[in-house]
file coords-v2.pdb (PDB, C-alpha atoms)
ATOM      1  CA  MET A  13      -0.046 -33.927 -21.923
ATOM      2  CA  SER A  14      -1.473 -30.783 -20.270
ATOM      3  CA  LYS A  15       0.454 -27.519 -20.455
ATOM      4  CA  ARG A  16       2.572 -26.352 -17.537
ATOM      5  CA  TYR A  17       2.596 -22.738 -16.305
ATOM      6  CA  THR A  18       4.932 -20.742 -14.092
ATOM      7  CA  ALA A  19       4.319 -17.485 -12.227
ATOM      8  CA  VAL A  20       6.106 -14.402 -13.583
ATOM      9  CA  THR A  21       5.697 -12.437 -10.309
ATOM     10  CA  GLY A  22       4.334 -13.404  -6.923
ATOM     11  CA  LEU A  23       0.711 -14.439  -7.469
ATOM     12  CA  SER A  24      -2.519 -15.207  -5.688
ATOM     13  CA  TYR A  25      -4.621 -17.504  -7.842
ATOM     14  CA  LYS A  26      -7.525 -19.860  -7.494
ATOM     15  CA  SER A  27      -7.007 -23.598  -7.408
ATOM     16  CA  GLY A  28     -10.023 -25.739  -6.667
ATOM     17  CA  GLY A  29     -11.910 -22.548  -5.800
ATOM     18  CA  GLU A  30      -9.473 -21.590  -3.020
ATOM     19  CA  TYR A  31      -6.818 -18.903  -3.283
ATOM     20  CA  LYS A  32      -3.236 -20.153  -3.255
ATOM     21  CA  LEU A  33      -0.038 -18.150  -3.122
ATOM     22  CA  ALA A  34       2.910 -18.677  -5.475
ATOM     23  CA  ALA A  35       6.318 -17.016  -5.562
ATOM     24  CA  ALA A  36       7.781 -15.782  -8.850
ATOM     25  CA  GLY A  37       8.930 -18.743 -10.889
ATOM     26  CA  ALA A  38       6.761 -21.251  -9.038
ATOM     27  CA  ASP A  39       4.731 -23.877 -10.876
ATOM     28  CA  VAL A  40       1.088 -22.747 -11.079
ATOM     29  CA  SER A  41      -0.220 -25.502 -13.341
ATOM     30  CA  ASP A  42      -2.977 -26.233 -10.823
ATOM     31  CA  MET A  43      -4.599 -22.839 -11.599
ATOM     32  CA  ASP A  44      -8.333 -23.089 -12.260
ATOM     33  CA  PRO A  45      -8.759 -23.244 -16.076
ATOM     34  CA  GLU A  46     -11.055 -20.216 -16.260
ATOM     35  CA  GLN A  47      -8.259 -18.009 -14.910
ATOM     36  CA  VAL A  48      -5.501 -19.217 -17.209
ATOM     37  CA  ASP A  49      -6.324 -17.251 -20.378
ATOM     38  CA  ALA A  50      -6.625 -13.909 -18.595
ATOM     39  CA  ALA A  51      -3.478 -14.570 -16.582
ATOM     40  CA  LEU A  52      -1.518 -15.440 -19.731
ATOM     41  CA  LYS A  53      -2.778 -12.311 -21.483
ATOM     42  CA  SER A  54      -1.839 -10.044 -18.570
ATOM     43  CA  GLY A  55       1.630 -11.564 -18.384
ATOM     44  CA  ALA A  56       1.127 -12.793 -14.825
ATOM     45  CA  ILE A  57       1.982 -16.345 -15.860
ATOM     46  CA  LYS A  58       3.795 -17.927 -18.773
ATOM     47  CA  GLU A  59       3.935 -21.336 -20.284
ATOM     48  CA  ALA A  60       6.707 -23.375 -18.785
ATOM     49  CA  ALA A  61       9.465 -24.474 -21.101
ATOM     50  CA  VAL A  62       8.909 -28.012 -22.187
ATOM     51  CA  GLN A  63      11.672 -30.141 -20.844
ATOM     52  CA  LYS A  64      12.784 -33.013 -22.949
ATOM     53  CA  ALA A  65      13.073 -36.191 -21.009
ATOM     54  CA  PRO A  66      16.626 -37.536 -20.930
ATOM     55  CA  PRO A  67      17.196 -40.505 -23.195
ATOM     56  CA  GLN A  68      16.687 -43.717 -21.421
ATOM     57  CA  LYS A  69      19.650 -45.878 -21.075
ATOM     58  CA  VAL A  70      19.086 -49.169 -22.752
ATOM     59  CA  GLU A  71      21.236 -51.992 -21.632
ATOM     60  CA  VAL A  72      21.796 -54.604 -24.197
ATOM     61  CA  SER A  73      22.866 -57.882 -22.875
ATOM     62  CA  LYS A  74      24.978 -59.966 -25.037
TER      63      LYS A  74
ATOM     64  CA  MET B   3     -25.506   9.833   5.448
ATOM     65  CA  SER B   4     -23.820   7.488   7.835
ATOM     66  CA  ARG B   5     -23.273   8.380  11.453
ATOM     67  CA  PHE B   6     -20.448   6.912  13.439
ATOM     68  CA  ASN B   7     -19.913   6.527  17.154
ATOM     69  CA  SER B   8     -17.266   5.236  19.506
ATOM     70  CA  ALA B   9     -18.303   1.636  18.904
ATOM     71  CA  ASN B  10     -17.325   2.110  15.244
ATOM     72  CA  PHE B  11     -13.791   3.226  16.067
ATOM     73  CA  GLY B  12     -11.316   0.933  14.356
ATOM     74  CA  PHE B  13      -7.797   1.646  15.519
ATOM     75  CA  LEU B  14      -4.959   4.126  15.820
ATOM     76  CA  THR B  15      -1.385   3.118  15.108
ATOM     77  CA  ILE B  16       1.681   5.308  15.217
ATOM     78  CA  GLY B  17       4.825   3.635  13.959
ATOM     79  CA  PRO B  18       4.535  -0.038  14.939
ATOM     80  CA  TYR B  19       2.506   0.787  18.063
ATOM     81  CA  ASN B  20      -1.212   0.096  18.390
ATOM     82  CA  LEU B  21      -2.538   2.832  20.667
ATOM     83  CA  THR B  22      -6.225   1.944  20.426
ATOM     84  CA  ALA B  23      -6.488   0.256  23.814
ATOM     85  CA  VAL B  24      -4.954   3.194  25.713
ATOM     86  CA  THR B  25      -6.997   5.922  24.040
ATOM     87  CA  ASN B  26     -10.455   7.122  25.029
ATOM     88  CA  LYS B  27     -10.602  10.466  23.288
ATOM     89  CA  LEU B  28      -9.170  11.869  20.070
ATOM     90  CA  GLU B  29      -9.351  15.138  18.232
ATOM     91  CA  ASP B  30      -7.733  15.641  14.908
ATOM     92  CA  SER B  31      -7.919  18.810  12.939
ATOM     93  CA  ILE B  32      -7.260  20.146   9.479
ATOM     94  CA  SER B  33      -6.649  23.845   9.174
ATOM     95  CA  ARG B  34      -5.617  26.240   6.453
ATOM     96  CA  PRO B  35      -4.952  29.511   8.259
ATOM     97  CA  ALA B  36      -5.933  32.527   6.207
ATOM     98  CA  VAL B  37      -3.208  35.079   5.495
ATOM     99  CA  GLU B  38      -4.073  38.632   6.486
ATOM    100  CA  SER B  39      -3.703  40.951   3.535
ATOM    101  CA  THR B  40      -5.288  44.163   4.749
ATOM    102  CA  PRO B  41      -3.682  47.152   3.031
ATOM    103  CA  TYR B  42      -3.756  50.786   4.064
ATOM    104  CA  GLY B  43      -6.850  52.692   3.168
ATOM    105  CA  VAL B  44      -9.539  50.142   3.924
ATOM    106  CA  THR B  45     -11.814  49.930   6.931
ATOM    107  CA  ALA B  46     -12.301  46.189   7.240
ATOM    108  CA  PRO B  47      -9.740  43.385   7.468
ATOM    109  CA  GLU B  48      -8.998  41.414   4.317
ATOM    110  CA  TYR B  49      -7.577  37.948   3.946
ATOM    111  CA  LEU B  50      -6.086  35.728   1.288
ATOM    112  CA  ALA B  51      -6.800  31.986   1.207
ATOM    113  CA  GLY B  52      -4.285  30.065   3.277
ATOM    114  CA  VAL B  53      -1.301  28.593   1.525
ATOM    115  CA  LEU B  54      -0.521  25.641   3.796
ATOM    116  CA  LYS B  55      -2.912  22.952   4.976
ATOM    117  CA  ARG B  56      -2.094  21.729   8.461
ATOM    118  CA  TYR B  57      -3.091  18.429  10.059
ATOM    119  CA  GLU B  58      -2.776  17.894  13.812
ATOM    120  CA  LEU B  59      -3.815  15.267  16.303
ATOM    121  CA  THR B  60      -3.916  17.090  19.600
ATOM    122  CA  GLY B  61      -6.842  16.037  21.742
ATOM    123  CA  GLN B  62      -5.770  12.519  22.611
ATOM    124  CA  ASP B  63      -6.583  11.316  26.120
ATOM    125  CA  GLY B  64      -5.959   7.887  27.516
ATOM    126  CA  TRP B  65      -4.284   5.743  30.109
ATOM    127  CA  TYR B  66      -0.705   5.266  31.098
ATOM    128  CA  ASP B  67       0.558   1.829  30.063
ATOM    129  CA  ASP B  68       4.114   0.596  30.568
ATOM    130  CA  ALA B  69       3.880  -2.376  28.166
ATOM    131  CA  THR B  70       6.729  -2.453  25.659
ATOM    132  CA  ASP B  71       4.314  -2.128  22.753
ATOM    133  CA  SER B  72       2.103   0.591  24.214
ATOM    134  CA  VAL B  73       1.845   4.312  24.643
ATOM    135  CA  ASN B  74       4.740   5.009  26.993
ATOM    136  CA  ALA B  75       7.165   3.039  24.840
ATOM    137  CA  ALA B  76       5.759   4.730  21.752
ATOM    138  CA  MET B  77       6.118   8.261  23.030
ATOM    139  CA  VAL B  78       9.393   7.803  24.886
ATOM    140  CA  GLY B  79      11.167   5.226  22.741
ATOM    141  CA  MET B  80       9.911   5.890  19.250
ATOM    142  CA  ALA B  81      12.240   7.732  16.933
ATOM    143  CA  ALA B  82      11.902  11.505  16.901
ATOM    144  CA  ALA B  83      11.885  11.321  13.111
ATOM    145  CA  GLU B  84       8.793  11.035  10.945
ATOM    146  CA  ASN B  85       6.602   8.018  11.562
ATOM    147  CA  VAL B  86       3.693   6.314   9.847
ATOM    148  CA  MET B  87       0.228   6.831  11.304
ATOM    149  CA  ILE B  88      -2.957   4.982  10.382
ATOM    150  CA  LEU B  89      -6.128   6.300  12.005
ATOM    151  CA  ALA B  90      -9.232   4.249  11.238
ATOM    152  CA  PRO B  91     -12.139   5.979  12.997
ATOM    153  CA  TYR B  92     -14.858   4.371  10.887
ATOM    154  CA  GLY B  93     -14.186   0.707  11.560
ATOM    155  CA  ASN B  94     -11.653  -2.055  11.232
ATOM    156  CA  SER B  95     -12.774  -4.765   8.865
ATOM    157  CA  ALA B  96     -11.820  -6.376   5.596
ATOM    158  CA  PRO B  97     -13.406  -4.985   2.426
ATOM    159  CA  VAL B  98     -16.939  -6.277   1.894
ATOM    160  CA  ALA B  99     -17.998  -6.708  -1.734
ATOM    161  CA  GLY B 100     -14.978  -4.638  -2.702
ATOM    162  CA  VAL B 101     -15.763  -1.695  -0.402
ATOM    163  CA  GLY B 102     -13.002  -0.884   2.075
ATOM    164  CA  LYS B 103     -13.119   1.178   5.258
ATOM    165  CA  THR B 104     -11.872   4.746   4.963
ATOM    166  CA  CYS B 105      -8.848   5.650   7.075
ATOM    167  CA  ILE B 106      -6.454   8.552   7.490
ATOM    168  CA  CYS B 107      -2.814   7.827   6.729
ATOM    169  CA  THR B 108       0.446   9.720   6.725
ATOM    170  CA  ASP B 109       4.128   8.978   7.041
ATOM    171  CA  GLY B 110       5.022  12.376   8.496
ATOM    172  CA  VAL B 111       3.972  12.086  12.148
ATOM    173  CA  LEU B 112       6.213  13.969  14.556
ATOM    174  CA  LYS B 113       5.840  13.621  18.297
ATOM    175  CA  THR B 114       5.214  17.021  19.797
ATOM    176  CA  GLU B 115       4.003  16.372  23.334
ATOM    177  CA  TYR B 116       3.514  13.565  25.829
ATOM    178  CA  LYS B 117       1.905  14.162  29.185
ATOM    179  CA  ARG B 118       1.524  11.782  32.126
ATOM    180  CA  SER B 119      -0.691  12.507  35.083
ATOM    181  CA  GLY B 120      -1.687  10.736  38.278
ATOM    182  CA  THR B 121      -4.564  11.639  40.567
ATOM    183  CA  VAL B 122      -5.402  10.088  43.935
ATOM    184  CA  GLY B 123      -8.209   7.609  43.544
ATOM    185  CA  ASP B 124      -7.886   7.466  39.787
ATOM    186  CA  TYR B 125      -5.896   5.518  37.216
ATOM    187  CA  HIS B 126      -2.771   7.147  35.858
ATOM    188  CA  LYS B 127      -3.388   8.864  32.589
ATOM    189  CA  ALA B 128      -1.260   9.685  29.585
ATOM    190  CA  SER B 129      -1.898  11.802  26.558
ATOM    191  CA  PHE B 130       0.076  12.851  23.529
ATOM    192  CA  GLY B 131      -0.072  15.193  20.586
ATOM    193  CA  VAL B 132       1.446  14.892  17.132
ATOM    194  CA  ALA B 133       1.987  17.200  14.220
ATOM    195  CA  VAL B 134       2.256  16.033  10.662
ATOM    196  CA  SER B 135       4.942  17.098   8.247
ATOM    197  CA  GLY B 136       3.834  16.815   4.654
ATOM    198  CA  LEU B 137       0.994  14.983   3.007
ATOM    199  CA  VAL B 138      -1.969  13.352   4.757
ATOM    200  CA  ASP B 139      -4.120  10.890   2.842
ATOM    201  CA  GLN B 140      -7.611  11.613   4.154
ATOM    202  CA  SER B 141      -9.348   9.008   2.025
ATOM    203  CA  ALA B 142      -7.120   5.979   2.137
ATOM    204  CA  LYS B 143      -8.843   2.595   2.150
ATOM    205  CA  LEU B 144      -8.062  -0.424   4.278
ATOM    206  CA  VAL B 145      -7.024  -3.328   2.063
ATOM    207  CA  HIS B 146      -6.242  -5.443   5.102
ATOM    208  CA  PRO B 147      -7.679  -4.603   8.542
ATOM    209  CA  LEU B 148      -5.541  -4.568  11.680
ATOM    210  CA  THR B 149      -5.883  -8.241  12.450
ATOM    211  CA  ALA B 150      -3.691 -11.257  13.061
ATOM    212  CA  GLU B 151      -2.726 -13.621  10.264
ATOM    213  CA  GLY B 152      -1.024 -16.972  10.643
ATOM    214  CA  VAL B 153       0.724 -19.076   8.011
ATOM    215  CA  THR B 154       1.609 -17.679   4.563
ATOM    216  CA  GLY B 155      -1.554 -16.546   2.807
ATOM    217  CA  THR B 156      -3.479 -13.974   0.817
ATOM    218  CA  SER B 157      -6.462 -11.684   1.362
ATOM    219  CA  ALA B 158      -7.422 -11.851  -2.314
ATOM    220  CA  ALA B 159     -10.776 -13.457  -1.476
ATOM    221  CA  ALA B 160     -11.763 -10.229   0.376
ATOM    222  CA  TYR B 161     -10.439  -7.815  -2.243
ATOM    223  CA  LEU B 162     -10.646  -4.036  -2.325
ATOM    224  CA  ASN B 163     -12.256  -2.600  -5.468
ATOM    225  CA  TRP B 164     -11.156   0.968  -6.146
ATOM    226  CA  GLY B 165     -13.748   1.304  -8.910
ATOM    227  CA  ALA B 166     -11.273   2.029 -11.673
ATOM    228  CA  ASP B 167      -7.621   1.453 -12.430
ATOM    229  CA  GLY B 168      -5.245   4.090 -11.106
ATOM    230  CA  ALA B 169      -2.684   5.641 -13.418
ATOM    231  CA  ALA B 170      -1.237   8.519 -11.430
ATOM    232  CA  GLY B 171       0.405   6.629  -8.594
ATOM    233  CA  GLY B 172      -0.338   6.648  -4.912
ATOM    234  CA  ARG B 173       0.896   5.331  -1.616
ATOM    235  CA  VAL B 174       0.499   2.159   0.398
ATOM    236  CA  TYR B 175       0.882   2.079   4.182
ATOM    237  CA  LEU B 176       1.814  -0.756   6.520
ATOM    238  CA  ALA B 177       1.480  -0.895  10.292
ATOM    239  CA  CYS B 178       2.572  -4.212  11.771
ATOM    240  CA  THR B 179       2.014  -4.053  15.518
ATOM    241  CA  SER B 180       2.939  -7.514  16.734
ATOM    242  CA  ILE B 181       4.760 -10.575  15.455
ATOM    243  CA  THR B 182       5.114 -14.079  16.892
ATOM    244  CA  TRP B 183       7.909 -15.753  14.992
ATOM    245  CA  GLY B 184       7.843 -19.396  16.090
ATOM    246  CA  THR B 185      10.832 -20.796  14.195
ATOM    247  CA  ARG B 186      10.344 -18.412  11.271
ATOM    248  CA  THR B 187      12.978 -15.759  10.501
ATOM    249  CA  GLY B 188      11.445 -13.459   7.880
ATOM    250  CA  LEU B 189       8.109 -11.937   6.870
ATOM    251  CA  THR B 190       7.309 -10.152   3.612
ATOM    252  CA  ILE B 191       4.028  -8.307   3.059
ATOM    253  CA  ALA B 192       3.024  -7.185  -0.426
ATOM    254  CA  LEU B 193       0.158  -5.392  -2.150
ATOM    255  CA  GLN B 194      -1.195  -7.251  -5.161
ATOM    256  CA  ASP B 195      -3.529  -6.106  -7.910
ATOM    257  CA  CYS B 196      -5.766  -7.676 -10.515
ATOM    258  CA  ASN B 197      -8.015  -6.501 -13.346
ATOM    259  CA  THR B 198     -10.972  -8.740 -12.529
ATOM    260  CA  ALA B 199     -12.654  -9.566  -9.235
ATOM    261  CA  GLY B 200     -11.629 -13.054  -8.237
ATOM    262  CA  GLY B 201      -8.885 -13.218 -10.863
ATOM    263  CA  VAL B 202      -5.151 -13.762 -10.580
ATOM    264  CA  TYR B 203      -3.560 -11.161  -8.270
ATOM    265  CA  ALA B 204       0.064 -10.283  -9.095
ATOM    266  CA  ASP B 205       2.598  -8.563  -6.820
ATOM    267  CA  HIS B 206       2.533  -4.776  -7.238
ATOM    268  CA  THR B 207       4.353  -3.154  -4.311
ATOM    269  CA  THR B 208       6.337  -5.096  -1.728
ATOM    270  CA  PHE B 209       7.175  -3.732   1.716
ATOM    271  CA  THR B 210      10.651  -4.081   3.149
ATOM    272  CA  ALA B 211      11.064  -7.594   4.527
ATOM    273  CA  ILE B 212      10.805  -7.826   8.326
ATOM    274  CA  ALA B 213      13.409 -10.003  10.035
ATOM    275  CA  SER B 214      13.252 -11.827  13.360
ATOM    276  CA  PRO B 215      13.345 -10.813  16.213
ATOM    277  CA  ALA B 216      11.538  -7.538  15.332
ATOM    278  CA  THR B 217       8.130  -7.335  16.984
ATOM    279  CA  GLY B 218       6.664  -4.813  14.569
ATOM    280  CA  ALA B 219       7.270  -2.510  11.617
ATOM    281  CA  SER B 220       5.701   0.409   9.827
ATOM    282  CA  GLU B 221       6.361   1.791   6.369
ATOM    283  CA  MET B 222       4.944   3.973   3.622
ATOM    284  CA  LYS B 223       5.843   3.103   0.059
ATOM    285  CA  ALA B 224       5.021   4.914  -3.118
ATOM    286  CA  LEU B 225       3.240   2.525  -5.455
ATOM    287  CA  ALA B 226       5.973   0.671  -7.308
ATOM    288  CA  ASN B 227       4.264   1.312 -10.634
ATOM    289  CA  ALA B 228       1.981   4.304 -11.184
ATOM    290  CA  THR B 229      -0.526   2.053 -12.920
ATOM    291  CA  ILE B 230      -2.451  -0.139 -10.525
ATOM    292  CA  GLN B 231      -5.417  -2.275 -11.395
ATOM    293  CA  GLN B 232      -8.623  -1.684  -9.536
ATOM    294  CA  TYR B 233      -8.845  -4.903  -7.511
ATOM    295  CA  MET B 234      -6.321  -5.243  -4.709
ATOM    296  CA  GLY B 235      -5.329  -7.738  -2.055
ATOM    297  CA  VAL B 236      -2.457  -8.341   0.339
ATOM    298  CA  THR B 237      -0.140 -11.321   0.748
ATOM    299  CA  TRP B 238       2.013 -12.273   3.700
ATOM    300  CA  THR B 239       4.854 -14.721   3.159
ATOM    301  CA  TRP B 240       6.975 -16.236   5.910
ATOM    302  CA  SER B 241      10.482 -17.491   5.293
ATOM    303  CA  GLY B 242      12.956 -19.648   7.174
ATOM    304  CA  GLY B 243      12.090 -22.229   9.798
ATOM    305  CA  ASP B 244       8.908 -24.264   9.771
ATOM    306  CA  ALA B 245       5.237 -23.372   9.508
ATOM    307  CA  GLY B 246       3.327 -23.709  12.732
ATOM    308  CA  SER B 247       3.076 -21.028  15.394
ATOM    309  CA  GLU B 248       3.875 -17.881  13.350
ATOM    310  CA  SER B 249       1.498 -14.932  13.546
ATOM    311  CA  ALA B 250       1.577 -11.237  12.643
ATOM    312  CA  THR B 251      -0.938  -8.489  13.363
ATOM    313  CA  PHE B 252      -0.871  -5.875  10.609
ATOM    314  CA  ALA B 253      -2.946  -3.397   8.632
ATOM    315  CA  VAL B 254      -2.423  -2.250   5.045
ATOM    316  CA  ALA B 255      -4.081   0.820   3.536
ATOM    317  CA  VAL B 256      -3.796   2.283   0.048
ATOM    318  CA  ALA B 257      -4.395   5.754  -1.353
ATOM    319  CA  PHE B 258      -4.485   6.765  -5.019
ATOM    320  CA  ASP B 259      -3.511  10.162  -6.346
TER     321      ASP B 259
END

call {"tool": "encode", "arguments": {"input": "coords-v2.pdb", "output": "structure tokens"}}
result
Amino acid sequence: MSKRYTAVTGLSYKSGGEYKLAAAGADVSDMDPEQVDAALKSGAIKEAAVQKAPPQKVEVSK
Amino acid sequence: MSRFNSANFGFLTIGPYNLTAVTNKLEDSISRPAVESTPYGVTAPEYLAGVLKRYELTGQDGWYDDATDSVNAAMVGMAAAENVMILAPYGNSAPVAGVGKTCICTDGVLKTEYKRSGTVGDYHKASFGVAVSGLVDQSAKLVHPLTAEGVTGTSAAAYLNWGADGAAGGRVYLACTSITWGTRTGLTIALQDCNTAGGVYADHTTFTAIASPATGASEMKALANATIQQYMGVTWTWSGGDAGSESATFAVAVAFD
């Protein structure tokens, strides 16, 4: 599963070669890969917390 | 050396008013009057270097215009307090390859005179003069030219490159001269910076949000953080309502200390 990233402040970043705008806290996982390392290092984005999927309810029929 | 002529003139805004279309002549001046210091016993006058540097815009000529966003409204209705001025005599365009147009910015413009005249067989004319209280940034750079922008977006693709990071602070100026809201209710304009051309631009200094039904705004803000990275762009973000017919005409200029 690929990593998810969120914006720390408002950002302009490239996605598919075009600039997109994201508000603080927005999901920016579609950022072009070559920008991700520098953005992480500068603190502009952070890795999103991994959310554990809720346990699936299993119905057992008797 | 570059020469400039009237075709190069970009724009003049005072407060939220664009006065370019009603102006056909401008003179601005910088002076530092020398202080006479001649004592007894000498035969020629002596002077000390002036202490105060003065900036004035006095030689404006133009036409009378009664539109609500034009010169008469500006000079009659605009607050008597200090206002933002952006004078871009060398062109109005987005930075090209990181190079932005030079402009003159201040937030201390005071109206000092407004004159209307009518002559038989001629169009009515109007002219004004302003004095400036405080600092004038003579070498500010346009990050975003005075031009209309529609839906939420960024100018990061046409970035301004200052050449080096700034660490001593500075100022950023906004003149928003017209807004069409559509169903939108708010507009926020922000300066962003980045350490590489074409990288990720993060918010640096955000102007006060503009709320409907305002038709313009102007503001000077000190850079929110003295350290600013050398590549800069501007974002405009609409809030409320639906995207569609919104539009704002604004310019943003930045000056480093």

call {"tool": "atom_distance", "arguments": {"input": "coords-v2.pdb", "atom1": "atom CA of Leu59 of chain B", "atom2": "atom CA of Met3 of chain B"}}
result
24.9 Å

call {"tool": "resolve_selection", "arguments": {"input": "coords-v2.pdb", "expression": "the PyMOL selection byres ((chain B and resi 69) around 12)", "output": "JSON list (two decimals) with C-alpha atoms, in the coordinates of the input"}}
result
[["chain", "number", "residue", "atom", "x", "y", "z"],
["B", 19, "TYR", "CA", 2.51, 0.79, 18.06],
["B", 20, "ASN", "CA", -1.21, 0.10, 18.39],
["B", 21, "LEU", "CA", -2.54, 2.83, 20.67],
["B", 23, "ALA", "CA", -6.49, 0.26, 23.81],
["B", 24, "VAL", "CA", -4.95, 3.19, 25.71],
["B", 65, "TRP", "CA", -4.28, 5.74, 30.11],
["B", 66, "TYR", "CA", -0.70, 5.27, 31.10],
["B", 67, "ASP", "CA", 0.56, 1.83, 30.06],
["B", 68, "ASP", "CA", 4.11, 0.60, 30.57],
["B", 70, "THR", "CA", 6.73, -2.45, 25.66],
["B", 71, "ASP", "CA", 4.31, -2.13, 22.75],
["B", 72, "SER", "CA", 2.10, 0.59, 24.21],
["B", 73, "VAL", "CA", 1.84, 4.31, 24.64],
["B", 74, "ASN", "CA", 4.74, 5.01, 26.99],
["B", 75, "ALA", "CA", 7.16, 3.04, 24.84],
["B", 76, "ALA", "CA", 5.76, 4.73, 21.75],
["B", 79, "GLY", "CA", 11.17, 5.23, 22.74]]

call {"tool": "residues_around", "arguments": {"input": "coords-v2.pdb", "residues": "segment 10-14 of chain B", "least_positions_apart": "6", "cutoff": "6 Å", "atoms": "only C-alpha atoms", "output": "PyMOL selection string"}}
result
chain B and resi 21-22+88-94

call {"tool": "residues_near_point", "arguments": {"input": "coords-v2.pdb", "point": "(-6.6, -17.5, -8.1)", "cutoff": "7 Å", "atoms": "all atoms listed in the file", "output": "PDB file with C-alpha atoms, in the frame of the given file"}}
result
ATOM      1  CA  SER A  24      -2.519 -15.207  -5.688  1.00  0.00           C
ATOM      2  CA  TYR A  25      -4.621 -17.504  -7.842  1.00  0.00           C
ATOM      3  CA  LYS A  26      -7.525 -19.860  -7.494  1.00  0.00           C
ATOM      4  CA  SER A  27      -7.007 -23.598  -7.408  1.00  0.00           C
ATOM      5  CA  TYR A  31      -6.818 -18.903  -3.283  1.00  0.00           C
ATOM      6  CA  LYS A  32      -3.236 -20.153  -3.255  1.00  0.00           C
ATOM      7  CA  MET A  43      -4.599 -22.839 -11.599  1.00  0.00           C
TER       8      MET A  43
ATOM      9  CA  GLY B 200     -11.629 -13.054  -8.237  1.00  0.00           C
ATOM     10  CA  GLY B 201      -8.885 -13.218 -10.863  1.00  0.00           C
ATOM     11  CA  VAL B 202      -5.151 -13.762 -10.580  1.00  0.00           C
TER      12      VAL B 202
END

call {"tool": "interface_residues", "arguments": {"input": "coords-v2.pdb", "of": "chain B", "to": "chain A", "cutoff": "7 Å", "atoms": "all atoms listed in the file", "output": "JSON, numbers by chain"}}
result
{"B": [155, 156, 158, 159, 201, 202, 203, 204, 205]}

call {"tool": "closest_residue", "arguments": {"input": "coords-v2.pdb", "among": "A:Lys69, A:Pro45, A:Lys53, A:Val40", "to": "Tyr17 of chain A", "atoms": "all atoms listed in the file"}}
result
A:Val40

call {"tool": "atom_distance", "arguments": {"input": "coords-v2.pdb", "atom1": "atom CA of Trp164 of chain B", "atom2": "atom CA of Glu221 of chain B"}}
result
21.5 Å

call {"tool": "residues_around", "arguments": {"input": "coords-v2.pdb", "residues": "segment 225-227 of chain B", "least_positions_apart": "6", "cutoff": "7 Å", "atoms": "only C-alpha atoms", "output": "JSON, numbers by chain"}}
result
{"B": [171, 172, 173, 174, 206, 207]}

call {"tool": "atom_distance", "arguments": {"input": "coords-v2.pdb", "atom1": "atom CA of Tyr57 of chain B", "atom2": "atom CA of Val37 of chain B"}}
result
17.3 Å

call {"tool": "resolve_selection", "arguments": {"input": "coords-v2.pdb", "expression": "the PyMOL selection byres ((chain B and resi 95-108) around 10)", "output": "short mmCIF file (atom, residue, chain, number, x, y, z; two decimals) with C-alpha atoms, in the coordinates of the input"}}
result
data_model
loop_
_atom_site.label_atom_id
_atom_site.label_comp_id
_atom_site.auth_asym_id
_atom_site.auth_seq_id
_atom_site.Cartn_x
_atom_site.Cartn_y
_atom_site.Cartn_z
CA GLY B 12 -11.32 0.93 14.36
CA PHE B 13 -7.80 1.65 15.52
CA LEU B 14 -4.96 4.13 15.82
CA THR B 15 -1.38 3.12 15.11
CA ILE B 16 1.68 5.31 15.22
CA TYR B 57 -3.09 18.43 10.06
CA GLU B 84 8.79 11.04 10.94
CA ASN B 85 6.60 8.02 11.56
CA VAL B 86 3.69 6.31 9.85
CA MET B 87 0.23 6.83 11.30
CA ILE B 88 -2.96 4.98 10.38
CA LEU B 89 -6.13 6.30 12.00
CA ALA B 90 -9.23 4.25 11.24
CA PRO B 91 -12.14 5.98 13.00
CA TYR B 92 -14.86 4.37 10.89
CA GLY B 93 -14.19 0.71 11.56
CA ASN B 94 -11.65 -2.06 11.23
CA ASP B 109 4.13 8.98 7.04
CA GLY B 110 5.02 12.38 8.50
CA VAL B 111 3.97 12.09 12.15
CA VAL B 134 2.26 16.03 10.66
CA SER B 135 4.94 17.10 8.25
CA GLY B 136 3.83 16.82 4.65
CA LEU B 137 0.99 14.98 3.01
CA VAL B 138 -1.97 13.35 4.76
CA ASP B 139 -4.12 10.89 2.84
CA GLN B 140 -7.61 11.61 4.15
CA SER B 141 -9.35 9.01 2.02
CA ALA B 142 -7.12 5.98 2.14
CA LYS B 143 -8.84 2.60 2.15
CA LEU B 144 -8.06 -0.42 4.28
CA VAL B 145 -7.02 -3.33 2.06
CA HIS B 146 -6.24 -5.44 5.10
CA PRO B 147 -7.68 -4.60 8.54
CA LEU B 148 -5.54 -4.57 11.68
CA THR B 149 -5.88 -8.24 12.45
CA SER B 157 -6.46 -11.68 1.36
CA ALA B 159 -10.78 -13.46 -1.48
CA ALA B 160 -11.76 -10.23 0.38
CA TYR B 161 -10.44 -7.82 -2.24
CA LEU B 162 -10.65 -4.04 -2.33
CA ASN B 163 -12.26 -2.60 -5.47
CA TRP B 164 -11.16 0.97 -6.15
CA GLY B 165 -13.75 1.30 -8.91
CA ARG B 173 0.90 5.33 -1.62
CA VAL B 174 0.50 2.16 0.40
CA TYR B 175 0.88 2.08 4.18
CA LEU B 176 1.81 -0.76 6.52
CA ALA B 199 -12.65 -9.57 -9.24
CA GLU B 221 6.36 1.79 6.37
CA MET B 222 4.94 3.97 3.62
CA GLN B 232 -8.62 -1.68 -9.54
CA TYR B 233 -8.85 -4.90 -7.51
CA MET B 234 -6.32 -5.24 -4.71
CA GLY B 235 -5.33 -7.74 -2.06
CA ALA B 253 -2.95 -3.40 8.63
CA ALA B 255 -4.08 0.82 3.54
CA VAL B 256 -3.80 2.28 0.05
CA ALA B 257 -4.39 5.75 -1.35
#
